[in-house]
Amino acid sequence: MSIHESSIASNILQILKNEAEKRGFTKITRARIVVGQLRALNLETLSFIFEAIASEDPLTEETTLEFKEKKGRVKCKNCGHEWMLQPEDLGSGSRSLLHYSGVVTGFQLTCQNCGAQDFEIIAGKELYISEIEAEREASELEAET
Ligand SMILES: [Zn+2]
């Protein structure tokens, strides 16, 4: 079981609890998480761990996590060319990837336009909760974006 996914699962749970306290939610039914491709997270593992720890609290026992994956996008520092990362750019299978601070690093790219290998990542490192669906005491449904 991954330490990485476990710590993210407990972060998500903590954020949901804080939001519930602030806004008076009694039950959270759904949370949508935006995950960048470069996070290289195992979403099944993350859901599994989240459900295990969330089930201990009536607030989150029925919470479903929904994931929206954001593609990685890079920009050449030499010519400014931008392109979307392809799965093959990240090496053969996620097992060969290097992780640093939860973000994939150590992959090599060559600009299709000028051949330079100097690039910056402009998308794909996201990890945040974009939407929470919950019930309040009066039990009306609320969706926030
Ligand atoms: Zn270039």
# chains A, B, ... in the order shown; residues from 1 in each chain; ligands from 1
>>> residues_near_ligand(ligand="ligand 1", cutoff="6 Å", atoms="only C-alpha atoms and all ligand atoms", output="PyMOL selection string")
chain A and resi 76+78-81+111+113-116
>>> select_by_dssp(residues="region 2-107 of chain A", states="helix (DSSP H, G or I)", output="JSON, numbers by chain")
{"A": [3, 4, 5, 6, 7, 8, 9, 10, 11, 12, 13, 14, 15, 16, 17, 18, 19, 20, 21, 22, 23, 37, 38, 39, 43, 44, 45, 46, 47, 48, 49, 50, 51, 52, 53, 54, 87, 88, 89, 90, 94, 95, 96]}
>>> write_last_selection(atoms="N, CA and C atoms", output="compact mmCIF listing (two decimals), in the first residue's frame")
# COMPACT_ATOMS: atom_id res chain seq x y z
N ILE A 3 2.31 4.88 0.57
CA ILE A 3 2.34 5.96 1.56
C ILE A 3 1.87 7.25 0.91
N HIS A 4 2.26 7.43 -0.35
CA HIS A 4 1.90 8.61 -1.10
C HIS A 4 0.37 8.77 -1.20
N GLU A 5 -0.31 7.72 -1.68
CA GLU A 5 -1.76 7.76 -1.80
C GLU A 5 -2.43 7.91 -0.43
N SER A 6 -1.88 7.25 0.59
CA SER A 6 -2.47 7.36 1.94
C SER A 6 -2.44 8.77 2.45
N SER A 7 -1.31 9.46 2.24
CA SER A 7 -1.23 10.81 2.80
C SER A 7 -2.15 11.74 2.03
N ILE A 8 -2.32 11.52 0.74
CA ILE A 8 -3.25 12.35 -0.03
C ILE A 8 -4.69 12.06 0.39
N ALA A 9 -5.00 10.79 0.61
CA ALA A 9 -6.35 10.43 1.06
C ALA A 9 -6.67 11.11 2.39
N SER A 10 -5.73 11.14 3.31
CA SER A 10 -6.05 11.78 4.59
C SER A 10 -6.09 13.30 4.46
N ASN A 11 -5.31 13.85 3.53
CA ASN A 11 -5.43 15.30 3.26
C ASN A 11 -6.82 15.65 2.74
N ILE A 12 -7.30 14.86 1.79
CA ILE A 12 -8.63 15.12 1.22
C ILE A 12 -9.67 15.06 2.32
N LEU A 13 -9.58 14.03 3.16
CA LEU A 13 -10.53 13.87 4.25
C LEU A 13 -10.51 15.08 5.19
N GLN A 14 -9.30 15.53 5.50
CA GLN A 14 -9.16 16.67 6.40
C GLN A 14 -9.80 17.93 5.80
N ILE A 15 -9.56 18.15 4.52
CA ILE A 15 -10.13 19.32 3.84
C ILE A 15 -11.66 19.23 3.86
N LEU A 16 -12.20 18.04 3.59
CA LEU A 16 -13.65 17.88 3.59
C LEU A 16 -14.23 18.17 4.98
N LYS A 17 -13.54 17.71 6.00
CA LYS A 17 -14.01 17.96 7.37
C LYS A 17 -13.98 19.45 7.71
N ASN A 18 -12.92 20.12 7.28
CA ASN A 18 -12.83 21.56 7.52
C ASN A 18 -13.95 22.31 6.81
N GLU A 19 -14.19 21.95 5.55
CA GLU A 19 -15.26 22.59 4.78
C GLU A 19 -16.61 22.36 5.45
N ALA A 20 -16.82 21.14 5.91
CA ALA A 20 -18.09 20.79 6.54
C ALA A 20 -18.31 21.64 7.79
N GLU A 21 -17.24 21.83 8.53
CA GLU A 21 -17.34 22.62 9.75
C GLU A 21 -17.66 24.09 9.43
N LYS A 22 -16.98 24.60 8.41
CA LYS A 22 -17.18 26.00 8.01
C LYS A 22 -18.58 26.25 7.48
N ARG A 23 -19.10 25.30 6.71
CA ARG A 23 -20.36 25.54 6.01
C ARG A 23 -21.55 24.79 6.58
N GLN A 37 -1.81 14.82 -14.61
CA GLN A 37 -1.19 13.60 -15.12
C GLN A 37 0.19 13.35 -14.48
N LEU A 38 0.90 14.43 -14.18
CA LEU A 38 2.24 14.28 -13.63
C LEU A 38 2.25 13.88 -12.16
N ARG A 39 1.09 13.83 -11.56
CA ARG A 39 1.02 13.36 -10.18
C ARG A 39 1.24 11.86 -10.11
N LEU A 43 -5.28 6.10 -8.82
CA LEU A 43 -6.57 6.62 -8.34
C LEU A 43 -7.41 5.53 -7.68
N GLU A 44 -7.24 4.30 -8.13
CA GLU A 44 -7.97 3.20 -7.49
C GLU A 44 -7.51 3.01 -6.06
N THR A 45 -6.20 3.03 -5.89
CA THR A 45 -5.64 2.91 -4.55
C THR A 45 -6.08 4.07 -3.68
N LEU A 46 -6.04 5.27 -4.26
CA LEU A 46 -6.45 6.46 -3.52
C LEU A 46 -7.90 6.35 -3.06
N SER A 47 -8.80 5.95 -3.96
CA SER A 47 -10.21 5.78 -3.60
C SER A 47 -10.39 4.74 -2.50
N PHE A 48 -9.66 3.65 -2.67
CA PHE A 48 -9.76 2.54 -1.72
C PHE A 48 -9.36 3.00 -0.31
N ILE A 49 -8.24 3.67 -0.23
CA ILE A 49 -7.76 4.14 1.08
C ILE A 49 -8.71 5.20 1.65
N PHE A 50 -9.15 6.10 0.76
CA PHE A 50 -10.06 7.14 1.22
C PHE A 50 -11.33 6.54 1.81
N GLU A 51 -11.92 5.58 1.08
CA GLU A 51 -13.16 4.96 1.58
C GLU A 51 -12.95 4.29 2.92
N ALA A 52 -11.79 3.67 3.08
CA ALA A 52 -11.50 2.99 4.35
C ALA A 52 -11.46 3.98 5.51
N ILE A 53 -10.77 5.11 5.32
CA ILE A 53 -10.66 6.04 6.45
C ILE A 53 -11.91 6.92 6.57
N ALA A 54 -12.58 7.21 5.45
CA ALA A 54 -13.75 8.08 5.49
C ALA A 54 -14.96 7.38 6.11
N PRO A 87 1.44 9.78 -23.01
CA PRO A 87 1.84 8.79 -22.00
C PRO A 87 3.26 8.26 -22.24
N GLU A 88 3.64 8.10 -23.52
CA GLU A 88 4.96 7.53 -23.81
C GLU A 88 6.11 8.49 -23.44
N ASP A 89 5.78 9.79 -23.31
CA ASP A 89 6.81 10.74 -22.89
C ASP A 89 7.27 10.46 -21.46
N LEU A 90 6.40 9.83 -20.72
CA LEU A 90 6.70 9.62 -19.31
C LEU A 90 7.37 8.28 -19.04
N SER A 94 4.28 3.41 -15.39
CA SER A 94 4.48 4.36 -14.31
C SER A 94 5.53 3.87 -13.31
N ARG A 95 5.84 2.59 -13.31
CA ARG A 95 6.81 2.07 -12.35
C ARG A 95 8.22 2.62 -12.57
N SER A 96 8.50 3.01 -13.82
CA SER A 96 9.85 3.50 -14.09
C SER A 96 9.99 4.99 -13.78
>>> residues_around(residues="Thr64 (chain A)", least_positions_apart="5", cutoff="7 Å", atoms="only C-alpha atoms", output="PyMOL selection string")
chain A and resi 29-31
>>> atom_distance(atom1="CA of Ser55 (chain A)", atom2="CA of Ile28 (chain A)")
11.6 Å
>>> atom_distance(atom1="CA of Pro58 (chain A)", atom2="CA of Tyr128 (chain A)")
22.9 Å
>>> residues_around(residues="region 72-75 of chain A", least_positions_apart="3", cutoff="7 Å", atoms="only C-alpha atoms", output="list in words")
Gly36, Gln37, Leu38, Gly80, His81, Glu82, Trp83, Met84, Leu85, Phe119, Glu120, Ile121, Ile122, Ala123 and Gly124 of chain A
>>> select_by_dssp(residues="region 4-129 of chain A", states="strand (DSSP E)", output="number ranges by chain")
A: 25-36, 64-70, 73-76, 82-84, 98-100, 103-105, 119-123, 127-129
>>> closest_residue(among="A:Leu59, A:Arg32, A:Lys77, A:Ala40", to="Asp118 (chain A)", atoms="only C-alpha atoms")
A:Lys77
